[in-house]
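Peer 1: The structure follows.
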Amino acid sequence: MDEQPRLMHAHGVAMARHGHGHAGLAPHMPDGGSTGPDGDARKQDIGDILQQIMTITDQSLDEAQARKHALNCHRMKPALFNVLCEIKEKTVLSIRGAQEEEPPDPQLMRLDNMLLAEGVAGPEKGGGAAAAAAAAAATGGIGADNSAEHSDYRAKLSQIRQIYHTELEKYEQACNEFTTHVMNLLREQSRTRPISPKEIERMVNIIHRKFSSIQMQLKQSTCEAVMILRSRFLDARRKRRNFNKQATEILNEYFYSHLSNPYPSEEAKEELAKKCSITVSQGWGSIIIVIVSNWFGNKRIRYKKNIGKFQEEANMYAARTAVNATNVSAHGSQANSPSTPNSAGEYALVHSG
DNA sequence: CCTGATGATTAAAG
DNA sequence: CTTTAATCATCAGG
């Protein structure tokens, strides 16, 4: 794992051992190395080169390019590079020690899971749609008018989804762009100052972490948006919608034609549900069954509680079914008294007032 | 507003 | 589990 000197060219790493200060530069003097009386000149050179480094960012691009070239060709450059390498070698230990292993952020995982569950992330129209369908079926009813809210919810969810994905992609792209930019920069700079691949990697990590924290903000706000939408939708769910006329008729018809035993079997419920829920097609059966069960439960108890109040209704449906039966069976013989209100009398549930 | 109708929810009972 | 009975919350109409 110790490959960091690859970019450092291993120029005399331990030069300074020769003694005091910049004397270490001497062995690598480019031109012959006449360590003579011109120490001040060398100092000046170093000051010069440092100055150039410090001001390089202030220049315009062309100017900087030219200056960089000059810098690279400067006679003191290798020596300075070596010194920098050496200093680096001393400090890199501390850097290496501070290698943070980041555990997967639990909060991020939570957000990811939620987005996945809500159908914002992950494959198109997944589990989130199921929740939506459940609530939708509950709202509306067996009738035809629930699709509006449902599609509203779906539309808003997919809107959130779309925004989320475009933003995420944008961040991803920006991150990649920025990363390659920085890497190019660092590689370029590695000609002037020692930069190990490890450090580049570290820098990339830092960038990625930064961007992923931005992404986390995005995820968080997306989660919030979904939650708000969801809570609003659930509120809407609490708002009771009456069934439409047709559904009520179908249910009543069954109820009054089975007054003696108004307990539809699972199959019968399913059948009724299918008949009533014309628009709720998307395979959300069981919820609708529950709705049918609710209806029959309410109907039974309320009928029993006050038979008188329902008498008229009972007569009506009884008549209707009677008419239907006669129409189907034979040609209009009003044999079985068209209005047979007293069929209600045999209602099995009537035990107490 | 008020009120009855009605779908949903809940605890209790079978 | 299903059903009952009570209750809640909302709707629809006066």
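Labeling convention for the structure tokens: chains A, B, ... as they appear, residues from 1 per chain, ligands from 1 in order of appearance.
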At a cut-off of 9 Å, using only C-alpha atoms (C1' of nucleotides), what residues contact DT3 of chain C? Leave out same-chain residues fewer than 5 positions from it and give the result as a ChimeraX atom specification.

Peer 2: /A:297 /B:13-14

Peer 1: Could the residues in this selection be saved with C-alpha atoms (C1' of nucleotides) as a PDB file, in the first residue's frame?

Peer 2:
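As a result, selection_1.pdb now contains:
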ATOM      1  CA  GLY A 297     -71.736  -4.108   8.312  1.00  0.00           C
TER       2      GLY A 297
ATOM      3  C1'  DA B  13     -67.317 -10.943  21.235  1.00  0.00           C
ATOM      4  C1'  DG B  14     -67.885 -15.226  18.623  1.00  0.00           C
TER       5       DG B  14
END

Peer 1: Counting only C-alpha atoms (C1' of nucleotides), a student should be able to say which residues of chain C come within 9 Å of chain A; what is the right answer, written as a list in words?

Peer 2: DT3, DT4, DA5, DA9, DT10 and DC11 of chain C

Peer 1: Pull N, CA and C atoms (P, O5', C5', C4', C3', O3' and C1' of nucleotides) from the residues just selected and write them as a PDB file, in the first residue's frame.

Peer 2:
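In the end it all went to again-v3.pdb:
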ATOM      1  P    DT C   3     -68.422 -11.390   7.920  1.00  0.00           P
ATOM      2  O5'  DT C   3     -69.078 -10.860   9.264  1.00  0.00           O
ATOM      3  C5'  DT C   3     -69.718 -11.794  10.119  1.00  0.00           C
ATOM      4  C4'  DT C   3     -70.105 -11.126  11.418  1.00  0.00           C
ATOM      5  C3'  DT C   3     -70.936  -9.857  11.246  1.00  0.00           C
ATOM      6  O3'  DT C   3     -72.203 -10.034  11.857  1.00  0.00           O
ATOM      7  C1'  DT C   3     -69.181  -9.560  12.829  1.00  0.00           C
ATOM      8  P    DT C   4     -73.250  -8.881  11.911  1.00  0.00           P
ATOM      9  O5'  DT C   4     -72.997  -8.246  13.345  1.00  0.00           O
ATOM     10  C5'  DT C   4     -72.996  -9.097  14.477  1.00  0.00           C
ATOM     11  C4'  DT C   4     -72.813  -8.284  15.754  1.00  0.00           C
ATOM     12  C3'  DT C   4     -73.717  -7.059  15.868  1.00  0.00           C
ATOM     13  O3'  DT C   4     -74.224  -6.991  17.178  1.00  0.00           O
ATOM     14  C1'  DT C   4     -71.451  -6.420  16.087  1.00  0.00           C
ATOM     15  P    DA C   5     -75.529  -6.150  17.506  1.00  0.00           P
ATOM     16  O5'  DA C   5     -74.879  -4.847  18.160  1.00  0.00           O
ATOM     17  C5'  DA C   5     -74.030  -5.022  19.277  1.00  0.00           C
ATOM     18  C4'  DA C   5     -73.316  -3.711  19.580  1.00  0.00           C
ATOM     19  C3'  DA C   5     -74.194  -2.464  19.433  1.00  0.00           C
ATOM     20  O3'  DA C   5     -74.173  -1.770  20.667  1.00  0.00           O
ATOM     21  C1'  DA C   5     -72.132  -2.197  18.283  1.00  0.00           C
ATOM     22  P    DA C   9     -63.259  12.539  15.647  1.00  0.00           P
ATOM     23  O5'  DA C   9     -63.635  12.673  14.107  1.00  0.00           O
ATOM     24  C5'  DA C   9     -63.090  11.730  13.207  1.00  0.00           C
ATOM     25  C4'  DA C   9     -63.581  12.046  11.804  1.00  0.00           C
ATOM     26  C3'  DA C   9     -63.709  13.547  11.518  1.00  0.00           C
ATOM     27  O3'  DA C   9     -63.153  13.799  10.248  1.00  0.00           O
ATOM     28  C1'  DA C   9     -65.778  12.460  11.116  1.00  0.00           C
ATOM     29  P    DT C  10     -62.992  15.248   9.725  1.00  0.00           P
ATOM     30  O5'  DT C  10     -64.042  15.263   8.515  1.00  0.00           O
ATOM     31  C5'  DT C  10     -63.924  14.292   7.498  1.00  0.00           C
ATOM     32  C4'  DT C  10     -65.244  14.113   6.807  1.00  0.00           C
ATOM     33  C3'  DT C  10     -65.752  15.374   6.094  1.00  0.00           C
ATOM     34  O3'  DT C  10     -65.634  15.155   4.708  1.00  0.00           O
ATOM     35  C1'  DT C  10     -67.480  14.155   7.207  1.00  0.00           C
ATOM     36  P    DC C  11     -65.943  16.264   3.667  1.00  0.00           P
ATOM     37  O5'  DC C  11     -67.427  15.896   3.196  1.00  0.00           O
ATOM     38  C5'  DC C  11     -67.677  14.602   2.689  1.00  0.00           C
ATOM     39  C4'  DC C  11     -69.161  14.361   2.560  1.00  0.00           C
ATOM     40  C3'  DC C  11     -69.906  15.401   1.716  1.00  0.00           C
ATOM     41  O3'  DC C  11     -70.727  14.734   0.793  1.00  0.00           O
ATOM     42  C1'  DC C  11     -70.974  15.109   3.801  1.00  0.00           C
TER      43       DC C  11
END

Peer 1: Taking only C-alpha atoms (C1' of nucleotides) into account and nothing else, which residues of chain B lie no more than 8 Å away from chain A? Please answer as a ChimeraX atom specification.

Peer 2: /B:6-8

Peer 1: When DSSP is applied to the backbone of this structure, which of segment 143-317 of chain A are assigned alpha helix (DSSP H)? Write them out as JSON, numbers by chain.

Peer 2: {"A": [147, 148, 149, 150, 151, 152, 153, 154, 155, 156, 157, 158, 159, 160, 161, 162, 163, 164, 165, 166, 167, 168, 169, 170, 171, 172, 173, 174, 175, 176, 177, 178, 179, 180, 181, 182, 183, 184, 185, 186, 187, 188, 189, 197, 198, 199, 200, 201, 202, 203, 204, 205, 206, 207, 208, 209, 210, 211, 212, 213, 214, 215, 216, 217, 218, 219, 220, 221, 222, 223, 224, 225, 226, 227, 228, 229, 230, 231, 232, 233, 234, 235, 236, 237, 238, 245, 246, 247, 248, 249, 250, 251, 252, 253, 254, 255, 256, 257, 266, 267, 268, 269, 270, 271, 272, 273, 274, 275, 276, 285, 286, 287, 288, 289, 290, 291, 292, 293, 294, 295, 296, 297, 298, 299, 300, 301, 302, 303, 304, 305, 307, 308, 309, 310, 311, 312, 313, 314, 315, 316, 317]}

Peer 1: Tell me which protein, DNA and RNA residues are within 12 Å of DT7 of chain C, counting only C-alpha atoms (C1' of nucleotides), leaving out same-chain ones fewer than 4 positions away, and put them as a list in words.

Peer 2: DA8, DT9, DT10 and DA11 of chain B

Peer 1: Can you measure atom CA of Thr248 of chain A to atom CA of Cys276 of chain A for me? One decimal in Å is fine.

Peer 2: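 Calculated distance between atom CA of Thr248 of chain A and atom CA of Cys276 of chain A is 8.1 Å.
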
Peer 1: Could you pull the residues within 9 Å of Ile160 of chain A, counting only C-alpha atoms (C1' of nucleotides), minus those fewer than 2 positions along the same chain, as number ranges by chain?

Peer 2: A: 120, 155-158, 162-165, 222, 225-226
